[in-house]
>>> print(open('coords-v9.pdb').read())   # PDB, C-alpha atoms
ATOM      1  CA  MET A 982     104.201 113.168 115.706  1.00  0.00           C
ATOM      2  CA  SER A 983     107.423 111.339 114.977  1.00  0.00           C
ATOM      3  CA  ALA A 984     108.652 108.686 117.386  1.00  0.00           C
ATOM      4  CA  GLU A 985     111.595 110.701 118.612  1.00  0.00           C
ATOM      5  CA  HIS A 986     109.240 113.307 120.076  1.00  0.00           C
ATOM      6  CA  THR A 987     107.028 110.964 122.074  1.00  0.00           C
ATOM      7  CA  HIS A 988     109.113 110.964 125.241  1.00  0.00           C
ATOM      8  CA  THR A 989     110.761 113.604 127.418  1.00  0.00           C
ATOM      9  CA  ALA A 990     113.846 111.986 128.795  1.00  0.00           C
ATOM     10  CA  PRO A 991     116.879 110.096 127.653  1.00  0.00           C
ATOM     11  CA  ALA A 992     116.993 106.474 128.700  1.00  0.00           C
ATOM     12  CA  PRO A 993     118.861 105.520 131.875  1.00  0.00           C
ATOM     13  CA  PRO A 994     122.576 104.750 131.462  1.00  0.00           C
ATOM     14  CA  ALA A 995     123.016 102.027 128.870  1.00  0.00           C
ATOM     15  CA  PRO A 996     122.799  98.519 130.298  1.00  0.00           C
ATOM     16  CA  LEU A 997     126.073  97.744 128.548  1.00  0.00           C
ATOM     17  CA  ILE A 998     127.845  99.973 131.072  1.00  0.00           C
ATOM     18  CA  PRO A 999     128.587  97.661 134.016  1.00  0.00           C
ATOM     19  CA  MET A1000     127.044  98.638 137.325  1.00  0.00           C
ATOM     20  CA  ARG A1001     130.492  98.641 138.920  1.00  0.00           C
ATOM     21  CA  ALA A1002     131.587 101.351 136.494  1.00  0.00           C
ATOM     22  CA  ARG A1003     128.479 103.407 137.186  1.00  0.00           C
ATOM     23  CA  LEU A1004     128.987 103.104 140.937  1.00  0.00           C
ATOM     24  CA  TRP A1005     132.642 104.043 140.643  1.00  0.00           C
ATOM     25  CA  ALA A1006     131.626 107.156 138.692  1.00  0.00           C
ATOM     26  CA  GLU A1007     129.082 108.113 141.361  1.00  0.00           C
ATOM     27  CA  PHE A1008     131.607 107.528 144.141  1.00  0.00           C
ATOM     28  CA  LEU A1009     134.279 109.589 142.416  1.00  0.00           C
ATOM     29  CA  GLY A1010     131.891 112.369 141.409  1.00  0.00           C
ATOM     30  CA  THR A1011     130.522 112.763 144.937  1.00  0.00           C
ATOM     31  CA  PHE A1012     134.028 112.630 146.375  1.00  0.00           C
ATOM     32  CA  TRP A1013     135.035 115.439 144.020  1.00  0.00           C
ATOM     33  CA  LEU A1014     131.935 117.500 144.798  1.00  0.00           C
ATOM     34  CA  VAL A1015     132.508 117.390 148.551  1.00  0.00           C
ATOM     35  CA  LEU A1016     136.271 117.786 148.290  1.00  0.00           C
ATOM     36  CA  GLY A1017     136.016 120.732 145.916  1.00  0.00           C
ATOM     37  CA  GLY A1018     133.032 122.544 147.392  1.00  0.00           C
ATOM     38  CA  CYS A1019     133.404 121.847 151.107  1.00  0.00           C
ATOM     39  CA  GLY A1020     137.187 121.875 150.841  1.00  0.00           C
ATOM     40  CA  ALA A1021     137.016 125.401 149.452  1.00  0.00           C
ATOM     41  CA  ALA A1022     134.704 126.413 152.312  1.00  0.00           C
ATOM     42  CA  VAL A1023     136.955 124.954 155.024  1.00  0.00           C
ATOM     43  CA  LEU A1024     140.381 125.749 153.613  1.00  0.00           C
ATOM     44  CA  ALA A1025     139.949 128.858 151.480  1.00  0.00           C
ATOM     45  CA  ALA A1026     136.818 130.814 152.429  1.00  0.00           C
ATOM     46  CA  LYS A1027     138.619 132.725 155.177  1.00  0.00           C
ATOM     47  CA  VAL A1028     142.400 132.906 155.238  1.00  0.00           C
ATOM     48  CA  ILE A1029     144.492 135.022 157.611  1.00  0.00           C
ATOM     49  CA  ASP A1030     147.881 136.045 156.257  1.00  0.00           C
ATOM     50  CA  GLY A1031     151.063 136.570 158.263  1.00  0.00           C
ATOM     51  CA  ASP A1032     150.106 140.172 159.033  1.00  0.00           C
ATOM     52  CA  GLY A1033     146.714 139.206 160.407  1.00  0.00           C
ATOM     53  CA  VAL A1034     144.822 140.407 157.345  1.00  0.00           C
ATOM     54  CA  GLN A1035     141.763 138.347 156.474  1.00  0.00           C
ATOM     55  CA  MET A1036     141.767 137.088 152.912  1.00  0.00           C
ATOM     56  CA  GLY A1037     140.078 134.195 151.159  1.00  0.00           C
ATOM     57  CA  ILE A1038     137.479 133.468 148.509  1.00  0.00           C
ATOM     58  CA  GLY A1039     134.353 134.208 150.575  1.00  0.00           C
ATOM     59  CA  PHE A1040     130.762 133.145 149.822  1.00  0.00           C
ATOM     60  CA  LEU A1041     131.096 133.846 146.112  1.00  0.00           C
ATOM     61  CA  GLY A1042     134.205 131.704 145.819  1.00  0.00           C
ATOM     62  CA  VAL A1043     132.597 128.810 147.691  1.00  0.00           C
ATOM     63  CA  ALA A1044     129.503 129.008 145.485  1.00  0.00           C
ATOM     64  CA  LEU A1045     131.688 128.914 142.386  1.00  0.00           C
ATOM     65  CA  ALA A1046     133.666 125.982 143.787  1.00  0.00           C
ATOM     66  CA  PHE A1047     130.508 123.893 144.131  1.00  0.00           C
ATOM     67  CA  GLY A1048     129.386 124.859 140.648  1.00  0.00           C
ATOM     68  CA  LEU A1049     132.752 124.045 139.112  1.00  0.00           C
ATOM     69  CA  THR A1050     132.906 120.607 140.719  1.00  0.00           C
ATOM     70  CA  VAL A1051     129.544 119.750 139.173  1.00  0.00           C
ATOM     71  CA  VAL A1052     130.518 121.072 135.741  1.00  0.00           C
ATOM     72  CA  THR A1053     133.800 119.174 135.655  1.00  0.00           C
ATOM     73  CA  GLY A1054     132.405 116.036 137.275  1.00  0.00           C
ATOM     74  CA  ALA A1055     129.407 115.886 134.950  1.00  0.00           C
ATOM     75  CA  TYR A1056     131.516 116.304 131.834  1.00  0.00           C
ATOM     76  CA  ALA A1057     134.004 113.680 133.028  1.00  0.00           C
ATOM     77  CA  LEU A1058     131.627 111.095 134.483  1.00  0.00           C
ATOM     78  CA  GLY A1059     128.074 111.905 133.460  1.00  0.00           C
ATOM     79  CA  HIS A1060     128.190 109.672 130.394  1.00  0.00           C
ATOM     80  CA  ILE A1061     128.995 106.709 132.638  1.00  0.00           C
ATOM     81  CA  SER A1062     126.492 107.009 135.485  1.00  0.00           C
ATOM     82  CA  GLY A1063     124.282 109.971 134.671  1.00  0.00           C
ATOM     83  CA  GLY A1064     126.349 112.217 136.952  1.00  0.00           C
ATOM     84  CA  HIS A1065     124.083 112.382 139.999  1.00  0.00           C
ATOM     85  CA  PHE A1066     126.659 112.793 142.811  1.00  0.00           C
ATOM     86  CA  ASN A1067     123.752 113.424 145.202  1.00  0.00           C
ATOM     87  CA  PRO A1068     121.144 111.056 146.709  1.00  0.00           C
ATOM     88  CA  ALA A1069     118.427 113.662 146.140  1.00  0.00           C
ATOM     89  CA  VAL A1070     119.265 113.780 142.437  1.00  0.00           C
ATOM     90  CA  THR A1071     119.052 109.997 142.296  1.00  0.00           C
ATOM     91  CA  LEU A1072     115.608 110.074 143.931  1.00  0.00           C
ATOM     92  CA  GLY A1073     114.455 112.812 141.564  1.00  0.00           C
ATOM     93  CA  ALA A1074     115.775 110.809 138.620  1.00  0.00           C
ATOM     94  CA  LEU A1075     113.804 107.797 139.805  1.00  0.00           C
ATOM     95  CA  CYS A1076     110.603 109.831 140.146  1.00  0.00           C
ATOM     96  CA  GLY A1077     111.232 111.345 136.724  1.00  0.00           C
ATOM     97  CA  GLY A1078     111.822 107.988 135.050  1.00  0.00           C
ATOM     98  CA  ARG A1079     115.525 108.571 134.403  1.00  0.00           C
ATOM     99  CA  ILE A1080     116.988 105.636 136.343  1.00  0.00           C
ATOM    100  CA  GLU A1081     115.930 102.063 137.045  1.00  0.00           C
ATOM    101  CA  GLY A1082     114.843 101.263 140.583  1.00  0.00           C
ATOM    102  CA  ARG A1083     117.496  98.616 141.216  1.00  0.00           C
ATOM    103  CA  ALA A1084     120.253 101.220 140.881  1.00  0.00           C
ATOM    104  CA  VAL A1085     118.897 103.665 143.454  1.00  0.00           C
ATOM    105  CA  ALA A1086     120.155 102.105 146.702  1.00  0.00           C
ATOM    106  CA  PRO A1087     123.657 101.299 145.341  1.00  0.00           C
ATOM    107  CA  TYR A1088     123.958 104.830 143.901  1.00  0.00           C
ATOM    108  CA  MET A1089     123.002 106.413 147.232  1.00  0.00           C
ATOM    109  CA  LEU A1090     125.355 104.163 149.192  1.00  0.00           C
ATOM    110  CA  VAL A1091     128.442 104.984 147.138  1.00  0.00           C
ATOM    111  CA  GLN A1092     127.527 108.678 147.135  1.00  0.00           C
ATOM    112  CA  VAL A1093     127.474 108.701 150.939  1.00  0.00           C
ATOM    113  CA  ILE A1094     130.774 106.794 151.077  1.00  0.00           C
ATOM    114  CA  GLY A1095     132.425 109.113 148.551  1.00  0.00           C
ATOM    115  CA  GLY A1096     131.312 112.175 150.483  1.00  0.00           C
ATOM    116  CA  ALA A1097     132.502 110.743 153.806  1.00  0.00           C
ATOM    117  CA  ILE A1098     135.955 109.941 152.420  1.00  0.00           C
ATOM    118  CA  ALA A1099     136.234 113.458 150.980  1.00  0.00           C
ATOM    119  CA  ALA A1100     135.278 114.941 154.366  1.00  0.00           C
ATOM    120  CA  THR A1101     137.990 112.818 155.962  1.00  0.00           C
ATOM    121  CA  VAL A1102     140.571 114.130 153.489  1.00  0.00           C
ATOM    122  CA  ILE A1103     139.491 117.704 154.254  1.00  0.00           C
ATOM    123  CA  TYR A1104     139.733 117.043 157.994  1.00  0.00           C
ATOM    124  CA  ILE A1105     143.233 115.575 157.694  1.00  0.00           C
ATOM    125  CA  VAL A1106     144.452 118.528 155.626  1.00  0.00           C
ATOM    126  CA  ALA A1107     142.763 121.146 157.826  1.00  0.00           C
ATOM    127  CA  SER A1108     144.230 119.515 160.944  1.00  0.00           C
ATOM    128  CA  GLY A1109     147.680 120.242 159.560  1.00  0.00           C
ATOM    129  CA  GLN A1110     147.210 123.865 160.588  1.00  0.00           C
ATOM    130  CA  GLU A1111     148.331 124.397 164.168  1.00  0.00           C
ATOM    131  CA  ASP A1112     145.304 126.355 165.380  1.00  0.00           C
ATOM    132  CA  PHE A1113     142.645 124.338 163.552  1.00  0.00           C
ATOM    133  CA  ALA A1114     139.584 123.464 165.609  1.00  0.00           C
ATOM    134  CA  ILE A1115     135.935 122.649 164.909  1.00  0.00           C
ATOM    135  CA  ASP A1116     133.622 124.740 167.093  1.00  0.00           C
ATOM    136  CA  PRO A1117     130.334 122.810 167.454  1.00  0.00           C
ATOM    137  CA  SER A1118     128.555 125.955 168.627  1.00  0.00           C
ATOM    138  CA  ALA A1119     129.554 128.027 165.588  1.00  0.00           C
ATOM    139  CA  ALA A1120     127.234 128.177 162.592  1.00  0.00           C
ATOM    140  CA  GLY A1121     128.753 126.551 159.533  1.00  0.00           C
ATOM    141  CA  SER A1122     131.774 125.215 161.402  1.00  0.00           C
ATOM    142  CA  PHE A1123     133.611 122.706 159.164  1.00  0.00           C
ATOM    143  CA  ALA A1124     131.257 123.591 156.278  1.00  0.00           C
ATOM    144  CA  THR A1125     128.271 121.999 158.021  1.00  0.00           C
ATOM    145  CA  ASN A1126     124.616 122.825 157.534  1.00  0.00           C
ATOM    146  CA  GLY A1127     122.268 123.946 160.285  1.00  0.00           C
ATOM    147  CA  PHE A1128     119.184 125.814 161.394  1.00  0.00           C
ATOM    148  CA  GLY A1129     118.474 128.106 164.342  1.00  0.00           C
ATOM    149  CA  ASP A1130     121.702 128.801 166.197  1.00  0.00           C
ATOM    150  CA  LEU A1131     123.629 126.765 163.618  1.00  0.00           C
ATOM    151  CA  SER A1132     122.261 128.723 160.655  1.00  0.00           C
ATOM    152  CA  PRO A1133     124.800 131.300 159.399  1.00  0.00           C
ATOM    153  CA  GLY A1134     122.075 133.971 159.476  1.00  0.00           C
ATOM    154  CA  GLY A1135     120.149 132.584 162.436  1.00  0.00           C
ATOM    155  CA  TYR A1136     117.223 131.392 160.309  1.00  0.00           C
ATOM    156  CA  SER A1137     114.461 129.242 161.827  1.00  0.00           C
ATOM    157  CA  LEU A1138     113.877 125.560 161.192  1.00  0.00           C
ATOM    158  CA  LEU A1139     110.848 126.384 159.016  1.00  0.00           C
ATOM    159  CA  ALA A1140     112.785 128.889 156.919  1.00  0.00           C
ATOM    160  CA  CYS A1141     115.595 126.377 156.401  1.00  0.00           C
ATOM    161  CA  LEU A1142     113.143 123.604 155.544  1.00  0.00           C
ATOM    162  CA  VAL A1143     111.403 125.759 152.949  1.00  0.00           C
ATOM    163  CA  ILE A1144     114.589 127.005 151.271  1.00  0.00           C
ATOM    164  CA  GLU A1145     116.063 123.508 151.029  1.00  0.00           C
ATOM    165  CA  VAL A1146     112.879 121.971 149.621  1.00  0.00           C
ATOM    166  CA  VAL A1147     112.375 124.761 147.083  1.00  0.00           C
ATOM    167  CA  LEU A1148     115.995 125.010 145.937  1.00  0.00           C
ATOM    168  CA  THR A1149     116.384 121.242 145.625  1.00  0.00           C
ATOM    169  CA  ALA A1150     113.227 121.135 143.524  1.00  0.00           C
ATOM    170  CA  VAL A1151     114.568 123.928 141.314  1.00  0.00           C
ATOM    171  CA  PHE A1152     117.906 122.111 141.025  1.00  0.00           C
ATOM    172  CA  LEU A1153     116.157 118.933 139.874  1.00  0.00           C
ATOM    173  CA  TRP A1154     113.971 120.820 137.407  1.00  0.00           C
ATOM    174  CA  VAL A1155     117.128 122.282 135.881  1.00  0.00           C
ATOM    175  CA  ILE A1156     118.800 118.858 135.769  1.00  0.00           C
ATOM    176  CA  LEU A1157     115.795 117.121 134.242  1.00  0.00           C
ATOM    177  CA  GLY A1158     115.259 119.922 131.751  1.00  0.00           C
ATOM    178  CA  ALA A1159     118.894 120.302 130.747  1.00  0.00           C
ATOM    179  CA  THR A1160     119.236 116.548 130.172  1.00  0.00           C
ATOM    180  CA  ASP A1161     115.916 116.216 128.330  1.00  0.00           C
ATOM    181  CA  ASP A1162     116.513 114.865 124.818  1.00  0.00           C
ATOM    182  CA  ARG A1163     114.804 117.976 123.446  1.00  0.00           C
ATOM    183  CA  ALA A1164     117.329 120.312 125.121  1.00  0.00           C
ATOM    184  CA  PRO A1165     120.450 121.569 123.305  1.00  0.00           C
ATOM    185  CA  ALA A1166     123.050 118.802 123.372  1.00  0.00           C
ATOM    186  CA  GLY A1167     126.303 119.172 125.282  1.00  0.00           C
ATOM    187  CA  PHE A1168     125.337 122.069 127.565  1.00  0.00           C
ATOM    188  CA  ALA A1169     123.707 120.229 130.460  1.00  0.00           C
ATOM    189  CA  PRO A1170     126.762 120.271 132.772  1.00  0.00           C
ATOM    190  CA  LEU A1171     127.082 124.036 132.347  1.00  0.00           C
ATOM    191  CA  ALA A1172     123.430 124.661 133.148  1.00  0.00           C
ATOM    192  CA  ILE A1173     123.541 122.338 136.140  1.00  0.00           C
ATOM    193  CA  GLY A1174     126.789 123.784 137.494  1.00  0.00           C
ATOM    194  CA  LEU A1175     125.623 127.378 137.107  1.00  0.00           C
ATOM    195  CA  SER A1176     122.334 126.571 138.814  1.00  0.00           C
ATOM    196  CA  LEU A1177     124.188 125.035 141.764  1.00  0.00           C
ATOM    197  CA  THR A1178     126.345 128.159 141.987  1.00  0.00           C
ATOM    198  CA  LEU A1179     123.236 130.349 142.118  1.00  0.00           C
ATOM    199  CA  ILE A1180     121.621 128.059 144.681  1.00  0.00           C
ATOM    200  CA  HIS A1181     124.642 128.493 146.931  1.00  0.00           C
ATOM    201  CA  LEU A1182     124.580 132.270 146.554  1.00  0.00           C
ATOM    202  CA  ILE A1183     120.969 132.215 147.759  1.00  0.00           C
ATOM    203  CA  ALA A1184     121.212 129.658 150.548  1.00  0.00           C
ATOM    204  CA  ILE A1185     124.666 129.975 152.138  1.00  0.00           C
ATOM    205  CA  PRO A1186     123.415 132.648 154.574  1.00  0.00           C
ATOM    206  CA  VAL A1187     120.368 130.517 155.431  1.00  0.00           C
ATOM    207  CA  THR A1188     121.568 126.921 155.817  1.00  0.00           C
ATOM    208  CA  ASN A1189     125.127 127.025 154.483  1.00  0.00           C
ATOM    209  CA  THR A1190     123.467 125.260 151.509  1.00  0.00           C
ATOM    210  CA  SER A1191     122.829 121.565 151.361  1.00  0.00           C
ATOM    211  CA  VAL A1192     120.469 120.367 148.571  1.00  0.00           C
ATOM    212  CA  ASN A1193     122.559 117.198 148.881  1.00  0.00           C
ATOM    213  CA  PRO A1194     122.189 114.730 151.773  1.00  0.00           C
ATOM    214  CA  ALA A1195     125.560 113.088 151.069  1.00  0.00           C
ATOM    215  CA  ARG A1196     127.364 116.432 151.317  1.00  0.00           C
ATOM    216  CA  SER A1197     125.566 117.337 154.569  1.00  0.00           C
ATOM    217  CA  LEU A1198     126.092 113.984 156.265  1.00  0.00           C
ATOM    218  CA  ALA A1199     129.747 113.813 155.250  1.00  0.00           C
ATOM    219  CA  MET A1200     130.730 117.083 156.926  1.00  0.00           C
ATOM    220  CA  ALA A1201     128.453 116.550 159.941  1.00  0.00           C
ATOM    221  CA  LEU A1202     130.382 113.380 160.811  1.00  0.00           C
ATOM    222  CA  TYR A1203     133.071 115.703 162.211  1.00  0.00           C
ATOM    223  CA  ASN A1204     130.736 118.111 164.027  1.00  0.00           C
ATOM    224  CA  PRO A1205     128.453 116.587 166.710  1.00  0.00           C
ATOM    225  CA  ALA A1206     126.118 119.588 166.876  1.00  0.00           C
ATOM    226  CA  ALA A1207     125.560 119.584 163.124  1.00  0.00           C
ATOM    227  CA  LEU A1208     125.061 115.814 163.181  1.00  0.00           C
ATOM    228  CA  GLY A1209     122.079 116.377 165.462  1.00  0.00           C
ATOM    229  CA  GLN A1210     120.449 118.602 162.825  1.00  0.00           C
ATOM    230  CA  VAL A1211     121.466 116.705 159.699  1.00  0.00           C
ATOM    231  CA  TRP A1212     118.066 114.999 159.486  1.00  0.00           C
ATOM    232  CA  LEU A1213     116.619 118.210 158.016  1.00  0.00           C
ATOM    233  CA  PHE A1214     119.207 118.186 155.247  1.00  0.00           C
ATOM    234  CA  ILE A1215     118.269 114.637 154.348  1.00  0.00           C
ATOM    235  CA  VAL A1216     114.493 115.044 154.529  1.00  0.00           C
ATOM    236  CA  ALA A1217     114.166 118.447 152.820  1.00  0.00           C
ATOM    237  CA  PRO A1218     116.260 117.653 149.710  1.00  0.00           C
ATOM    238  CA  PHE A1219     114.431 114.339 149.277  1.00  0.00           C
ATOM    239  CA  ILE A1220     111.062 116.106 149.427  1.00  0.00           C
ATOM    240  CA  GLY A1221     112.144 118.734 146.912  1.00  0.00           C
ATOM    241  CA  ALA A1222     113.640 116.158 144.577  1.00  0.00           C
ATOM    242  CA  ALA A1223     110.530 113.970 144.641  1.00  0.00           C
ATOM    243  CA  ILE A1224     108.302 116.956 143.903  1.00  0.00           C
ATOM    244  CA  ALA A1225     110.462 117.950 140.949  1.00  0.00           C
ATOM    245  CA  GLY A1226     110.753 114.438 139.550  1.00  0.00           C
ATOM    246  CA  VAL A1227     107.012 113.808 139.643  1.00  0.00           C
ATOM    247  CA  THR A1228     105.980 117.240 138.355  1.00  0.00           C
ATOM    248  CA  TYR A1229     108.549 117.385 135.561  1.00  0.00           C
ATOM    249  CA  LYS A1230     107.495 114.016 134.233  1.00  0.00           C
ATOM    250  CA  MET A1231     103.800 114.853 134.542  1.00  0.00           C
ATOM    251  CA  LEU A1232     103.842 118.385 133.129  1.00  0.00           C
ATOM    252  CA  THR A1233     106.281 117.943 130.247  1.00  0.00           C
ATOM    253  CA  ALA A1234     105.246 114.543 128.922  1.00  0.00           C
ATOM    254  CA  ALA A1235     104.881 114.815 125.161  1.00  0.00           C
ATOM    255  CA  LYS A1236     101.720 113.472 123.601  1.00  0.00           C
ATOM    256  CA  ALA A1237     101.685 111.493 120.414  1.00  0.00           C
TER     257      ALA A1237
END
>>> encode(input="coords-v9.pdb", output="C-alpha cells")
Amino acid sequence: MSAEHTHTAPAPPAPLIPMRARLWAEFLGTFWLVLGGCGAAVLAAKVIDGDGVQMGIGFLGVALAFGLTVVTGAYALGHISGGHFNPAVTLGALCGGRIEGRAVAPYMLVQVIGGAIAATVIYIVASGQEDFAIDPSAAGSFATNGFGDLSPGGYSLLACLVIEVVLTAVFLWVILGATDDRAPAGFAPLAIGLSLTLIHLIAIPVTNTSVNPARSLAMALYNPAALGQVWLFIVAPFIGAAIAGVTYKMLTAAKA
C-alpha cells in the first residue's frame, strides 16, 4: 500500500503557524459560535411584535444558527487552528491523534474565554430591552442547559447525560471522518455544520443542547441555577468526545 494510505488523519496544524495565531483563531471561532448560536436563541427565538403576536425563528432557526456559525467559522479559521471552537472537540482531537498535547490546555482556555465574552455581549444587548430578565427557575432561560426542572422537556439527569454523551460522540465521529485525509476535500465544514444542526434539532427539547462545555459555561455565568448544573455539560461532552477519539483512531487505522 502506498505511503499516503498508511494513516487516517491529517497532521496537526503546521508548526509554522504560530501558537498565538492558532489561539486567536480558537478564541474568535468560539466567540462566534456562542454569539451566533446562543445569541439567536436569546434574541430571536421568541419575539413579540407590537400587537402582542409571538414571532421568531424557533427551535429550527436556533439549530440552523449553530450550524451556520460552525460552517462559516470552520471555513474562515479552520486552516489556522483546526477549527475546534469547543473543548470537547479538542479532547477528541487529542484522543484521535489530531493535535499535540501541549496545545490542549491553551486551546481550552481561549475557548472558554471566547465563549464568556460572547455571553457578555449577548447579555448587554438583551439588557437593552426594557422587560428583559433571566428567570433562574425557567428551563433554558438565557440559552442555558439543564436537566430535571431546568430541562426544556423535563428530562431526567440520566436522560440528559446519555443524550449529551451520545451526540457529542457522534459529533466527533463526523468531525474526525470529515477531516480524514481520505474524505472528499473541502466539504468538512459543511458536514460538521449540518451535523451540529441535526444535533440541536434532536437535543434542544432535552437539554437545550450543549455538546460544548465552553458554550454551556459561558451562558451559565449569567444564570445561577444553570451554573449549579453545568458540571453535567462539561463531563458528558468530554466523555463522548474521548470515546469517539479513541474508537475512531482504533477502528479506522489503515494497515500497510
>>> resolve_selection(input="coords-v9.pdb", expression="the PyMOL selection byres ((chain A and resi 1075) around 12)", output="PyMOL selection string")
chain A and resi 990+992-993+1063+1065+1068-1074+1076-1086+1088-1089+1153+1157+1219+1222-1227+1229-1230
>>> closest_residue(input="coords-v9.pdb", among="A:Gly1037, A:Gly1135, A:Pro1205, A:Gly1064", to="A:Ile1156", atoms="all atoms listed in the file")
A:Gly1064
>>> atom_distance(input="coords-v9.pdb", atom1="atom CA of A:Pro1218", atom2="atom CA of A:Ala1166")
27.2 Å
>>> atom_distance(input="coords-v9.pdb", atom1="atom CA of A:Leu1232", atom2="atom CA of A:Val1192")
22.8 Å
>>> atom_distance(input="coords-v9.pdb", atom1="atom CA of A:Gly1174", atom2="atom CA of A:Leu1024")
21.2 Å
>>> resolve_selection(input="coords-v9.pdb", expression="the PyMOL selection byres ((chain A and resi 1017) around 12)", output="VMD selection string")
chain A and resid 1009 to 1016 1018 to 1025 1042 to 1054 1096 1099 to 1100 1102 to 1103 1124 1196
>>> write_last_selection(input="coords-v9.pdb", atoms="C-alpha atoms", output="mmCIF file, in the frame of the given file")
data_model
loop_
_atom_site.group_PDB
_atom_site.id
_atom_site.type_symbol
_atom_site.label_atom_id
_atom_site.label_comp_id
_atom_site.auth_asym_id
_atom_site.auth_seq_id
_atom_site.Cartn_x
_atom_site.Cartn_y
_atom_site.Cartn_z
ATOM 1 C CA LEU A 1009 134.279 109.589 142.416
ATOM 2 C CA GLY A 1010 131.891 112.369 141.409
ATOM 3 C CA THR A 1011 130.522 112.763 144.937
ATOM 4 C CA PHE A 1012 134.028 112.630 146.375
ATOM 5 C CA TRP A 1013 135.035 115.439 144.020
ATOM 6 C CA LEU A 1014 131.935 117.500 144.798
ATOM 7 C CA VAL A 1015 132.508 117.390 148.551
ATOM 8 C CA LEU A 1016 136.271 117.786 148.290
ATOM 9 C CA GLY A 1018 133.032 122.544 147.392
ATOM 10 C CA CYS A 1019 133.404 121.847 151.107
ATOM 11 C CA GLY A 1020 137.187 121.875 150.841
ATOM 12 C CA ALA A 1021 137.016 125.401 149.452
ATOM 13 C CA ALA A 1022 134.704 126.413 152.312
ATOM 14 C CA VAL A 1023 136.955 124.954 155.024
ATOM 15 C CA LEU A 1024 140.381 125.749 153.613
ATOM 16 C CA ALA A 1025 139.949 128.858 151.480
ATOM 17 C CA GLY A 1042 134.205 131.704 145.819
ATOM 18 C CA VAL A 1043 132.597 128.810 147.691
ATOM 19 C CA ALA A 1044 129.503 129.008 145.485
ATOM 20 C CA LEU A 1045 131.688 128.914 142.386
ATOM 21 C CA ALA A 1046 133.666 125.982 143.787
ATOM 22 C CA PHE A 1047 130.508 123.893 144.131
ATOM 23 C CA GLY A 1048 129.386 124.859 140.648
ATOM 24 C CA LEU A 1049 132.752 124.045 139.112
ATOM 25 C CA THR A 1050 132.906 120.607 140.719
ATOM 26 C CA VAL A 1051 129.544 119.750 139.173
ATOM 27 C CA VAL A 1052 130.518 121.072 135.741
ATOM 28 C CA THR A 1053 133.800 119.174 135.655
ATOM 29 C CA GLY A 1054 132.405 116.036 137.275
ATOM 30 C CA GLY A 1096 131.312 112.175 150.483
ATOM 31 C CA ALA A 1099 136.234 113.458 150.980
ATOM 32 C CA ALA A 1100 135.278 114.941 154.366
ATOM 33 C CA VAL A 1102 140.571 114.130 153.489
ATOM 34 C CA ILE A 1103 139.491 117.704 154.254
ATOM 35 C CA ALA A 1124 131.257 123.591 156.278
ATOM 36 C CA ARG A 1196 127.364 116.432 151.317
#
>>> closest_atom_pairs(input="coords-v9.pdb", of="stretch 1123-1230 of chain A", to="stretch 1104-1117 of chain A", cutoff="10 Å", atoms="only C-alpha atoms", output="JSON lines")
{"residue": "A:Phe1123", "atom": "CA", "partner": "A:Ile1115", "partner_atom": "CA", "distance": 6.2}
{"residue": "A:Ala1124", "atom": "CA", "partner": "A:Ile1115", "partner_atom": "CA", "distance": 9.9}
{"residue": "A:Thr1125", "atom": "CA", "partner": "A:Pro1117", "partner_atom": "CA", "distance": 9.7}
{"residue": "A:Leu1131", "atom": "CA", "partner": "A:Pro1117", "partner_atom": "CA", "distance": 8.7}
{"residue": "A:Met1200", "atom": "CA", "partner": "A:Tyr1104", "partner_atom": "CA", "distance": 9.1}
{"residue": "A:Ala1201", "atom": "CA", "partner": "A:Pro1117", "partner_atom": "CA", "distance": 10.0}
{"residue": "A:Tyr1203", "atom": "CA", "partner": "A:Ile1115", "partner_atom": "CA", "distance": 8.0}
{"residue": "A:Asn1204", "atom": "CA", "partner": "A:Pro1117", "partner_atom": "CA", "distance": 5.8}
{"residue": "A:Pro1205", "atom": "CA", "partner": "A:Pro1117", "partner_atom": "CA", "distance": 6.5}
{"residue": "A:Ala1206", "atom": "CA", "partner": "A:Pro1117", "partner_atom": "CA", "distance": 5.3}
{"residue": "A:Ala1207", "atom": "CA", "partner": "A:Pro1117", "partner_atom": "CA", "distance": 7.2}
{"residue": "A:Leu1208", "atom": "CA", "partner": "A:Pro1117", "partner_atom": "CA", "distance": 9.7}
>>> closest_residue(input="coords-v9.pdb", among="A:Ile1220, A:Ile1185, A:Leu1202, A:Ala1055", to="A:Ala1172", atoms="only C-alpha atoms")
A:Ala1055
>>> closest_residue(input="coords-v9.pdb", among="A:Ala1217, A:Thr1160, A:Phe1152, A:Leu1198", to="A:Leu1139", atoms="only C-alpha atoms")
A:Ala1217
>>> closest_residue(input="coords-v9.pdb", among="A:Leu1058, A:Val1091, A:Val1187, A:Ala1140", to="A:Ala1120", atoms="only C-alpha atoms")
A:Val1187
>>> axis_aligned_box(input="coords-v9.pdb", around="stretch 1215-1220 of chain A", padding_each_side="5 Å", output="AutoDock Vina command-line options")
--center_x 114.7 --center_y 116.4 --center_z 151.9 --size_x 17.2 --size_y 14.1 --size_z 15.3
>>> closest_residue(input="coords-v9.pdb", among="A:Leu1171, A:Ala1119, A:Leu1041, A:Val1211", to="A:Ile1183", atoms="only C-alpha atoms")
A:Leu1041
>>> closest_residue(input="coords-v9.pdb", among="A:Met1036, A:Ala1164, A:Ala1169, A:Ala1199", to="A:Gly1095", atoms="only C-alpha atoms")
A:Ala1199
>>> residues_near_point(input="coords-v9.pdb", point="(117.7, 127.4, 154.7)", cutoff="10 Å", atoms="all atoms listed in the file", output="PyMOL selection string")
chain A and resi 1126-1129+1132-1148+1183-1192+1213-1214+1217
